[in-house]
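Novice: mmCIF, C-alpha atoms and all ligand atoms, saved as protein-v4.cif, coming up:
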data_work
loop_
_atom_site.label_atom_id
_atom_site.label_comp_id
_atom_site.auth_asym_id
_atom_site.auth_seq_id
_atom_site.Cartn_x
_atom_site.Cartn_y
_atom_site.Cartn_z
CA MET A 1 -1.70 -25.54 7.18
CA ARG A 2 1.00 -22.90 7.50
CA PRO A 3 4.55 -24.28 7.73
CA ARG A 4 6.00 -24.26 11.22
CA ALA A 5 8.53 -21.49 11.79
CA VAL A 6 12.03 -22.82 12.37
CA SER A 7 14.43 -20.71 14.39
CA PRO A 8 17.74 -19.96 12.65
CA ASP A 9 19.54 -21.67 15.51
CA ARG A 10 17.98 -24.93 14.44
CA GLU A 11 20.05 -25.07 11.33
CA ILE A 12 23.18 -27.07 11.03
CA ASP A 13 25.64 -27.19 8.15
CA GLY A 14 23.30 -25.05 6.13
CA ARG A 15 20.58 -27.67 6.22
CA ARG A 16 17.38 -26.97 8.05
CA ASP A 17 16.65 -29.13 11.06
CA THR A 18 13.19 -30.48 10.39
CA GLY A 19 12.63 -31.40 14.01
CA ASN A 20 12.27 -35.11 13.31
CA ARG A 21 14.07 -37.71 15.40
CA ALA A 22 16.83 -38.37 12.87
CA SER A 23 17.80 -34.72 12.67
CA GLN A 24 17.59 -34.33 16.46
CA GLU A 25 20.01 -37.26 16.69
CA ARG A 26 22.29 -35.58 14.19
CA LEU A 27 22.28 -32.30 16.11
CA ARG A 28 23.12 -34.12 19.34
CA HIS A 29 25.81 -36.14 17.62
CA ASP A 30 27.39 -33.19 15.79
CA ALA A 31 27.36 -30.60 18.56
CA PRO A 32 30.45 -31.73 20.49
CA VAL A 33 32.35 -32.61 17.32
CA ARG A 34 31.80 -29.30 15.64
CA ASP A 35 31.64 -26.24 17.80
CA ARG A 36 30.75 -23.83 15.04
CA SER A 37 32.19 -20.85 16.93
CA SER A 38 35.65 -22.40 17.22
CA ARG A 39 38.55 -20.19 16.15
CA LYS A 40 40.71 -23.27 15.59
CA LYS A 41 42.02 -23.60 12.09
CA LEU A 42 40.34 -26.27 9.99
CA ARG A 43 43.12 -28.74 9.20
CA PRO A 44 43.10 -31.32 6.40
CA THR A 45 42.45 -34.00 9.05
CA ALA A 46 39.07 -32.39 9.78
CA GLU A 47 37.79 -33.41 6.33
CA ARG A 48 36.39 -36.57 7.93
CA HIS A 49 33.78 -34.47 9.75
CA TYR A 50 32.28 -33.46 6.41
CA PRO A 51 31.70 -36.72 4.53
CA GLY A 52 28.51 -35.80 2.66
CA ASP A 53 27.76 -35.10 -0.99
CA GLY A 54 25.92 -31.85 -0.27
CA LEU A 55 27.41 -28.52 -1.23
CA PHE A 56 28.29 -27.52 2.31
CA ASP A 57 30.26 -30.69 3.03
CA ARG A 58 32.11 -30.46 -0.29
CA LEU A 59 32.95 -26.86 0.44
CA ALA A 60 34.04 -27.66 3.99
CA ARG A 61 36.39 -30.39 2.71
CA ALA A 62 37.98 -27.91 0.30
CA VAL A 63 38.41 -25.38 3.11
CA CYS A 64 40.01 -28.06 5.30
CA ALA A 65 42.44 -28.83 2.48
CA ALA A 66 43.40 -25.12 2.37
CA ASP A 67 44.58 -25.43 5.96
CA ALA A 68 44.02 -21.70 6.42
CA VAL A 69 40.62 -20.79 7.86
CA PRO A 70 39.22 -20.94 11.41
CA ARG A 71 36.15 -23.16 11.64
CA LYS A 72 33.95 -20.25 12.73
CA GLU A 73 34.70 -18.39 9.52
CA LEU A 74 33.63 -21.28 7.34
CA TYR A 75 30.20 -21.28 9.01
CA GLU A 76 29.92 -17.49 9.09
CA SER A 77 30.76 -17.12 5.41
CA TRP A 78 28.37 -19.90 4.42
CA GLU A 79 25.46 -18.56 6.47
CA VAL A 80 25.92 -15.03 5.14
CA ALA A 81 26.40 -16.07 1.50
CA ARG A 82 23.32 -18.29 1.36
CA ARG A 83 21.05 -15.69 2.98
CA VAL A 84 22.29 -12.97 0.63
CA ARG A 85 21.89 -15.26 -2.39
CA ARG A 86 18.19 -15.70 -1.58
CA ARG A 87 17.57 -11.94 -1.76
CA LEU A 88 20.09 -10.29 -4.03
CA ARG A 89 21.99 -10.71 -7.28
CA GLY A 90 24.62 -8.53 -8.89
CA ARG A 91 26.34 -8.40 -12.26
CA ARG A 92 29.44 -8.09 -10.11
CA ILE A 93 29.74 -9.13 -6.46
CA VAL A 94 32.25 -7.13 -4.39
CA ASP A 95 33.38 -8.48 -1.01
CA LEU A 96 34.86 -5.48 0.81
CA ALA A 97 37.33 -6.05 3.68
CA CYS A 98 37.38 -9.69 2.57
CA GLY A 99 40.30 -11.00 4.67
CA HIS A 100 40.84 -14.60 3.53
CA GLY A 101 38.15 -14.08 0.88
CA LEU A 102 36.07 -17.15 1.66
CA LEU A 103 32.79 -15.20 1.54
CA ALA A 104 33.64 -14.02 -1.99
CA GLN A 105 34.45 -17.58 -3.08
CA ILE A 106 31.21 -18.99 -1.68
CA ALA A 107 29.20 -16.14 -3.23
CA ALA A 108 30.75 -17.06 -6.60
CA ILE A 109 29.79 -20.72 -6.15
CA LEU A 110 26.21 -19.87 -5.18
CA ASP A 111 25.62 -17.26 -7.89
CA ARG A 112 26.96 -18.60 -11.19
CA ASP A 113 25.33 -15.69 -13.05
CA ALA A 114 27.66 -13.11 -11.51
CA GLU A 115 30.14 -12.09 -14.19
CA GLU A 116 32.85 -11.33 -11.69
CA VAL A 117 33.44 -11.55 -7.96
CA VAL A 118 35.96 -9.15 -6.41
CA ALA A 119 37.60 -9.95 -3.07
CA LEU A 120 39.11 -6.71 -1.83
CA ASP A 121 41.31 -6.00 1.16
CA PRO A 122 44.39 -3.81 1.58
CA ASN A 123 46.03 -6.57 3.63
CA LEU A 124 45.21 -9.75 1.72
CA PRO A 125 46.65 -12.49 3.94
CA PRO A 126 48.53 -15.52 2.51
CA SER A 127 45.45 -17.55 3.52
CA ALA A 128 43.47 -15.83 0.73
CA GLU A 129 45.69 -17.47 -1.87
CA ARG A 130 45.49 -20.88 -0.22
CA VAL A 131 41.69 -20.70 0.03
CA ALA A 132 41.41 -19.64 -3.62
CA ALA A 133 43.71 -22.46 -4.79
CA ALA A 134 41.94 -25.16 -2.76
CA LEU A 135 38.48 -24.12 -3.95
CA ALA A 136 39.57 -23.71 -7.57
CA GLU A 137 40.75 -27.32 -7.50
CA ARG A 138 37.10 -28.40 -6.88
CA TRP A 139 35.41 -25.57 -8.80
CA PRO A 140 37.86 -24.61 -11.61
CA PHE A 141 35.70 -21.71 -12.86
CA LEU A 142 36.54 -19.82 -9.65
CA ALA A 143 40.10 -19.20 -10.82
CA GLN A 144 38.78 -16.92 -13.60
CA ARG A 145 35.70 -15.58 -11.82
CA VAL A 146 37.12 -14.39 -8.49
CA ARG A 147 39.61 -11.51 -8.59
CA ARG A 148 41.61 -10.61 -5.51
CA VAL A 149 42.36 -6.90 -5.20
CA ALA A 150 44.84 -5.51 -2.66
CA SER A 151 43.31 -2.09 -2.04
CA LYS A 152 41.46 0.04 0.45
CA LEU A 153 37.74 0.18 -0.28
CA GLU A 154 38.01 3.97 -0.59
CA HIS A 155 40.02 3.49 -3.81
CA PHE A 156 37.66 1.05 -5.48
CA GLU A 157 34.94 2.29 -7.83
CA LEU A 158 31.51 0.73 -7.28
CA ALA A 159 28.66 0.59 -9.81
CA SER A 160 24.88 0.57 -9.41
CA ASP A 161 24.61 -3.03 -10.62
CA ASP A 162 27.16 -4.28 -8.09
CA LEU A 163 26.23 -6.33 -5.08
CA VAL A 164 28.42 -5.25 -2.15
CA ILE A 165 28.93 -7.81 0.60
CA SER A 166 31.01 -7.66 3.75
CA ALA A 167 31.43 -9.75 6.88
CA HIS A 168 32.79 -8.34 10.11
CA ALA A 169 34.30 -5.12 8.82
CA CYS A 170 35.51 -3.63 12.10
CA GLY A 171 33.80 -0.65 13.72
CA GLY A 172 33.29 2.33 11.44
CA LEU A 173 34.48 0.35 8.41
CA THR A 174 30.97 -1.10 8.13
CA ASP A 175 29.59 2.47 8.01
CA ARG A 176 32.04 3.40 5.27
CA ILE A 177 30.96 0.34 3.28
CA LEU A 178 27.31 1.35 3.62
CA ASP A 179 28.22 4.94 2.58
CA ARG A 180 30.00 3.70 -0.54
CA ALA A 181 27.18 1.32 -1.49
CA ILE A 182 24.54 4.03 -1.01
CA ALA A 183 26.56 6.53 -3.06
CA ALA A 184 26.75 4.02 -5.92
CA ARG A 185 23.11 2.88 -5.47
CA ALA A 186 24.41 -0.69 -5.19
CA ALA A 187 22.68 -3.54 -3.39
CA VAL A 188 24.44 -4.29 -0.12
CA ALA A 189 24.65 -6.87 2.67
CA VAL A 190 26.77 -6.40 5.80
CA LEU A 191 27.34 -8.49 8.89
CA PRO A 192 28.67 -5.78 11.24
CA CYS A 193 31.47 -6.48 13.68
CA CYS A 194 32.57 -4.87 16.93
CA SER A 195 31.16 -1.36 17.16
CA ASP A 196 33.14 1.78 17.70
CA HIS A 197 30.88 3.59 20.16
CA SER A 198 32.84 6.82 19.92
CA HIS A 199 32.52 7.08 16.12
CA SER A 200 29.41 5.14 15.10
CA ASP A 201 25.97 6.70 15.53
CA VAL A 202 23.91 5.20 18.39
CA GLY A 203 21.01 7.50 17.48
CA ASN A 204 20.37 8.27 21.19
CA LEU A 205 18.77 4.81 21.36
CA ASP A 206 21.24 3.48 23.93
CA GLY A 207 18.89 4.42 26.78
CA TRP A 208 16.60 1.64 25.61
CA MET A 209 18.90 -0.91 24.11
CA ASP A 210 22.45 -2.15 24.05
CA ALA A 211 24.69 0.35 22.20
CA ASP A 212 25.81 -2.24 19.60
CA LEU A 213 22.19 -3.01 18.74
CA ALA A 214 21.41 0.73 18.62
CA ILE A 215 24.24 1.28 16.12
CA ASP A 216 22.97 -1.52 13.88
CA ALA A 217 19.38 -0.24 14.17
CA VAL A 218 20.52 3.23 13.07
CA ARG A 219 22.39 1.63 10.14
CA ALA A 220 19.21 -0.14 9.05
CA ILE A 221 17.10 3.03 9.32
CA ARG A 222 19.75 5.01 7.45
CA LEU A 223 19.70 2.51 4.60
CA ARG A 224 15.92 2.68 4.44
CA ALA A 225 15.94 6.49 4.53
CA ALA A 226 18.35 6.39 1.58
CA GLY A 227 15.65 4.68 -0.49
CA TYR A 228 16.49 1.05 0.13
CA ARG A 229 14.23 -1.88 0.84
CA ILE A 230 15.85 -3.55 3.82
CA TRP A 231 15.86 -7.00 5.38
CA THR A 232 17.13 -7.58 8.91
CA GLN A 233 18.18 -11.14 9.64
CA THR A 234 20.51 -13.06 11.92
CA ILE A 235 22.86 -15.93 11.37
CA PRO A 236 22.94 -18.54 14.18
CA ALA A 237 24.26 -17.05 17.44
CA ALA A 238 25.99 -20.39 18.04
CA ILE A 239 28.49 -19.31 15.38
CA THR A 240 29.04 -15.70 16.45
CA PRO A 241 27.36 -13.19 18.76
CA LYS A 242 28.05 -10.57 16.04
CA ASN A 243 25.32 -12.13 14.01
CA ARG A 244 23.05 -9.35 12.71
CA LEU A 245 22.83 -9.33 8.94
CA LEU A 246 21.59 -6.16 7.23
CA ILE A 247 20.54 -6.52 3.60
CA GLY A 248 19.42 -3.65 1.38
CA LYS A 249 18.35 -3.12 -2.21
CA PRO A 250 17.62 0.27 -3.80
CA LEU A 251 13.87 0.65 -4.32
CA ASP A 252 14.43 2.18 -7.75
CA THR A 253 16.14 -0.89 -9.25
C1 LIG B 1 37.93 -8.50 10.95
S1 LIG B 1 38.60 -8.56 9.34
C2 LIG B 1 37.27 -9.34 8.45
C3 LIG B 1 37.79 -10.22 7.36
C4 LIG B 1 36.76 -11.09 6.66
N1 LIG B 1 35.71 -10.31 6.03
C5 LIG B 1 36.16 -12.11 7.58
O1 LIG B 1 34.94 -12.16 7.72
O2 LIG B 1 36.91 -12.90 8.15
C6 LIG B 1 38.54 -6.89 8.80
C7 LIG B 1 39.31 -6.65 7.50
O3 LIG B 1 39.15 -5.28 7.11
C8 LIG B 1 40.28 -4.94 6.35
N2 LIG B 1 40.34 -3.47 6.17
C9 LIG B 1 40.80 -2.56 7.05
N3 LIG B 1 40.72 -1.31 6.50
C10 LIG B 1 40.19 -1.47 5.26
C11 LIG B 1 39.86 -0.56 4.20
N4 LIG B 1 40.04 0.75 4.32
N5 LIG B 1 39.34 -1.07 3.06
C12 LIG B 1 39.11 -2.40 2.94
N6 LIG B 1 39.41 -3.31 3.91
C13 LIG B 1 39.95 -2.84 5.05
C14 LIG B 1 41.41 -5.54 7.16
O4 LIG B 1 42.60 -5.68 6.40
C15 LIG B 1 40.82 -6.88 7.60
O5 LIG B 1 41.18 -7.92 6.74
#
In structure tokens, how does this file's structure come out?

Specialist:
Amino acid sequence: MRPRAVSPDREIDGRRDTGNRASQERLRHDAPVRDRSSRKKLRPTAERHYPGDGLFDRLARAVCAADAVPRKELYESWEVARRVRRRLRGRRIVDLACGHGLLAQIAAILDRDAEEVVALDPNLPPSAERVAAALAERWPFLAQRVRRVASKLEHFELASDDLVISAHACGGLTDRILDRAIAARAAVAVLPCCSDHSHSDVGNLDGWMDADLAIDAVRAIRLRAAGYRIWTQTIPAAITPKNRLLIGKPLDT
């Protein structure tokens, strides 16, 4: 018998809801406690909400200890990193427009074979340091593996065996990330953010669909036309409405 399809929204804390009564109970119980879209900073006192031994709970406790990241961004980074990990590997992983750098840190934890993980942003916030320190306390190898680079992506050289990742790079920044990845023939995964309708290409598709969706559809087609195998996925909309994940890998690698 074929396994029953489970909608991405029926996932919680990175664990799949199997639909049985215990997990239904857990979903009901957790929902009010943990609004996954909350922009409230995860404080050390929130550690009690993540008591388990699983990787997600251990990670969440470390993020709480950092006292630096909104709850939504913990879930976003986790959901992106685990989906990308299933599809792509890179000798080096490069998180462009990384902000606090949590996506880069989680990517490093999930892919121990990556030789280096770069977290790049021209405006690295103080939270990036706090996140790195809190996670390195639990996973000491991260201190050597993850390199924070204060730079614009335009000044960073990419290689064909890189894996480029990026979450919520605003407007046309996502397009520039795709351009750079394509030019280097690097594997790439982006979770686009707000769209800049005046600069991003809607491909004349906005007569049929919402302009933001049209822009992401054109991005996917462009990646495919550039010789990439693509995957189009979503992370749970309960975390963010900007939840379309575009993954691509050059066909010739
Ligand atoms: C909305 S934030 C996303 C941060 C993070 N990826 C996240 O998911 O929370 C967009 C980031 O893009 C960065 N940024 C802006 N221009 C950039 C550029 N030319 N190269 C790299 N990053 C840039 C900003 O400094 C900002 O941190």

Novice: Which residues are close to A:Gly172, i.e. within 9 Å by all atoms listed in the file, leaving aside same-chain residues fewer than 3 positions away? Reply as a list in words.

Specialist: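 Final neighbour list, sorted by chain and number: Ala169, Asp175, Arg176, Ile177, Ser195, Asp196, His199 and Ser200 of chain A.
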
Novice: Which is closer to ligand LIG 1 (chain B) than all the others in A:Asn204, A:Ser127, A:Ser77, A:Ser198, using all atoms listed in the file?

Specialist: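 That would be A:Ser77, the residue with the smallest distance to ligand LIG 1 (chain B).
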
Novice: Using all atoms listed in the file for the distances, tell me which of A:Arg36, A:Arg112, A:Arg185, A:Arg219 is nearest to A:Arg85.

Specialist: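 Among A:Arg36, A:Arg112, A:Arg185, A:Arg219, it is A:Arg112 that comes nearest to A:Arg85.
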
Novice: Which one of A:Ile109, A:Leu158, A:Ala66, A:Ala60 sits closest to A:Pro140 if you count all atoms listed in the file?

Specialist: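 Counting all atoms listed in the file, the residue closest to A:Pro140 is A:Ile109.
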
Novice: What residues of the protein or nucleic acid chains come within 6 Å of ligand LIG 1 (chain B) when you use only C-alpha atoms and all ligand atoms? Reply as a ChimeraX atom specification.

Specialist: /A:96-99,121-123,152-153,166-170

Novice: Of the candidates A:Glu115, A:Glu137, A:Asp161, A:Asp201, which one gets nearest to A:Ala184 if we count all atoms listed in the file?

Specialist: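 So, comparing all the options, the nearest one is A:Asp161.
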
Novice: Counting all atoms listed in the file, write as a ChimeraX atom specification all protein and nucleic acid residues lying at most 12 Å from (43.3, -18.9, -1.9) in the file's frame.

Specialist: /A:62-63,65-69,98-105,119,124-137,142-143,146-148

Novice: Report, in Å to a single decimal, how far apart atom CA of A:Leu110 and atom CA of A:Ile165 are.

Specialist: 13.6 Å

Novice: Which residue gives the smallest distance to A:Lys72 among A:Gly207, A:Pro236, A:Gly171, A:Pro250, with all atoms listed in the file counted?

Specialist: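 Closest residue, counting all atoms listed in the file: A:Pro236.
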
Novice: Rounded to one decimal, what separation in Å do you get between atom CA of A:Arg82 and atom CA of A:Ile106?

Specialist: 8.5 Å

Novice: Ranking A:Ala114, A:Val202, A:Ala108, A:Leu251 by minimum distance to A:Ala186 and counting only C-alpha atoms, which one comes first?

Specialist: A:Leu251

Novice: Applying 6 Å and all atoms listed in the file, which residues near A:Pro44 remain after dropping the ones on its own chain fewer than 2 positions away? List them as a list in words.

Specialist: Ala46, Glu47, Cys64 and Ala65 of chain A

Novice: Interatomic distance between atom CA of A:Gly203 and atom CA of A:Ala220?

Specialist: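 A separation of 11.5 Å between them.
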
Novice: Using only C-alpha atoms, determine which residues lie at most 12 Å from A:Arg86, disregarding the query and same-chain residues fewer than 5 positions distant; provide the list as a list in words.

Specialist: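 So the residues in contact are Glu79, Val80, Ala81, Ala107, Leu110, Asp111, Ala189, Trp231 and Ile247 of chain A.
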
Novice: Could the residues in this selection be written to a file with C-alpha atoms, as a PDB file, in the coordinates of the input?

Specialist:
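So the final result, stored in part.pdb, reads:
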ATOM      1  CA  GLU A  79      25.460 -18.560   6.470  1.00  0.00           C
ATOM      2  CA  VAL A  80      25.920 -15.030   5.140  1.00  0.00           C
ATOM      3  CA  ALA A  81      26.400 -16.070   1.500  1.00  0.00           C
ATOM      4  CA  ALA A 107      29.200 -16.140  -3.230  1.00  0.00           C
ATOM      5  CA  LEU A 110      26.210 -19.870  -5.180  1.00  0.00           C
ATOM      6  CA  ASP A 111      25.620 -17.260  -7.890  1.00  0.00           C
ATOM      7  CA  ALA A 189      24.650  -6.870   2.670  1.00  0.00           C
ATOM      8  CA  TRP A 231      15.860  -7.000   5.380  1.00  0.00           C
ATOM      9  CA  ILE A 247      20.540  -6.520   3.600  1.00  0.00           C
TER      10      ILE A 247
END

Novice: Counting all atoms listed in the file, which residues sit no farther than 9 Å from the position (26.7, -6.3, -2.1) in the file's frame? I'd like them as a short mmCIF file (atom, residue, chain, number, x, y, z; two decimals) with C-alpha atoms, in the coordinates of the input.

Specialist:
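What follows is the written file selection.cif:
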data_model
loop_
_atom_site.label_atom_id
_atom_site.label_comp_id
_atom_site.auth_asym_id
_atom_site.auth_seq_id
_atom_site.Cartn_x
_atom_site.Cartn_y
_atom_site.Cartn_z
CA VAL A 84 22.29 -12.97 0.63
CA LEU A 88 20.09 -10.29 -4.03
CA ARG A 89 21.99 -10.71 -7.28
CA GLY A 90 24.62 -8.53 -8.89
CA ARG A 92 29.44 -8.09 -10.11
CA ILE A 93 29.74 -9.13 -6.46
CA VAL A 94 32.25 -7.13 -4.39
CA ASP A 95 33.38 -8.48 -1.01
CA LEU A 96 34.86 -5.48 0.81
CA ASP A 162 27.16 -4.28 -8.09
CA LEU A 163 26.23 -6.33 -5.08
CA VAL A 164 28.42 -5.25 -2.15
CA ILE A 165 28.93 -7.81 0.60
CA SER A 166 31.01 -7.66 3.75
CA ALA A 181 27.18 1.32 -1.49
CA ALA A 186 24.41 -0.69 -5.19
CA ALA A 187 22.68 -3.54 -3.39
CA VAL A 188 24.44 -4.29 -0.12
CA ALA A 189 24.65 -6.87 2.67
CA VAL A 190 26.77 -6.40 5.80
CA ILE A 247 20.54 -6.52 3.60
CA GLY A 248 19.42 -3.65 1.38
CA LYS A 249 18.35 -3.12 -2.21
#

Novice: Have stretch 63-86 of chain A completed to N, CA and C atoms, please, and pass it along as a compact mmCIF listing (two decimals), in the frame of the given file.

Specialist:
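Output saved as selection.txt:
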# COMPACT_ATOMS: atom_id res chain seq x y z
N VAL A 63 37.85 -26.35 2.16
CA VAL A 63 38.41 -25.38 3.11
C VAL A 63 39.39 -26.08 4.05
N CYS A 64 39.07 -27.30 4.46
CA CYS A 64 40.01 -28.06 5.30
C CYS A 64 41.33 -28.26 4.54
N ALA A 65 41.22 -28.59 3.27
CA ALA A 65 42.44 -28.83 2.48
C ALA A 65 43.30 -27.56 2.40
N ALA A 66 42.65 -26.39 2.43
CA ALA A 66 43.40 -25.12 2.37
C ALA A 66 44.23 -24.91 3.62
N ASP A 67 43.82 -25.50 4.72
CA ASP A 67 44.58 -25.43 5.96
C ASP A 67 44.84 -23.96 6.36
N ALA A 68 43.79 -23.14 6.28
CA ALA A 68 44.02 -21.70 6.42
C ALA A 68 42.94 -20.94 7.19
N VAL A 69 41.77 -21.56 7.39
CA VAL A 69 40.62 -20.79 7.86
C VAL A 69 40.09 -21.33 9.19
N PRO A 70 39.85 -20.47 10.18
CA PRO A 70 39.22 -20.94 11.41
C PRO A 70 37.82 -21.49 11.12
N ARG A 71 37.43 -22.49 11.90
CA ARG A 71 36.15 -23.16 11.64
C ARG A 71 34.98 -22.18 11.65
N LYS A 72 35.01 -21.25 12.61
CA LYS A 72 33.95 -20.25 12.73
C LYS A 72 33.74 -19.50 11.41
N GLU A 73 34.82 -19.22 10.72
CA GLU A 73 34.70 -18.39 9.52
C GLU A 73 34.13 -19.17 8.33
N LEU A 74 34.31 -20.47 8.35
CA LEU A 74 33.63 -21.28 7.34
C LEU A 74 32.12 -21.14 7.51
N TYR A 75 31.65 -21.32 8.77
CA TYR A 75 30.20 -21.28 9.01
C TYR A 75 29.64 -19.88 8.80
N GLU A 76 30.38 -18.88 9.26
CA GLU A 76 29.92 -17.49 9.09
C GLU A 76 29.75 -17.16 7.61
N SER A 77 30.79 -17.47 6.84
CA SER A 77 30.76 -17.12 5.41
C SER A 77 29.62 -17.85 4.70
N TRP A 78 29.43 -19.11 5.04
CA TRP A 78 28.37 -19.90 4.42
C TRP A 78 27.00 -19.33 4.76
N GLU A 79 26.78 -19.04 6.04
CA GLU A 79 25.46 -18.56 6.47
C GLU A 79 25.14 -17.20 5.87
N VAL A 80 26.16 -16.34 5.75
CA VAL A 80 25.92 -15.03 5.14
C VAL A 80 25.65 -15.21 3.64
N ALA A 81 26.51 -15.96 2.96
CA ALA A 81 26.40 -16.07 1.50
C ALA A 81 25.04 -16.66 1.09
N ARG A 82 24.57 -17.67 1.81
CA ARG A 82 23.32 -18.29 1.36
C ARG A 82 22.11 -17.40 1.63
N ARG A 83 22.17 -16.62 2.72
CA ARG A 83 21.05 -15.69 2.98
C ARG A 83 21.03 -14.57 1.94
N VAL A 84 22.20 -14.06 1.60
CA VAL A 84 22.29 -12.97 0.63
C VAL A 84 21.82 -13.49 -0.74
N ARG A 85 22.23 -14.68 -1.08
CA ARG A 85 21.89 -15.26 -2.39
C ARG A 85 20.37 -15.37 -2.58
N ARG A 86 19.65 -15.59 -1.47
CA ARG A 86 18.19 -15.70 -1.58
C ARG A 86 17.54 -14.38 -1.93
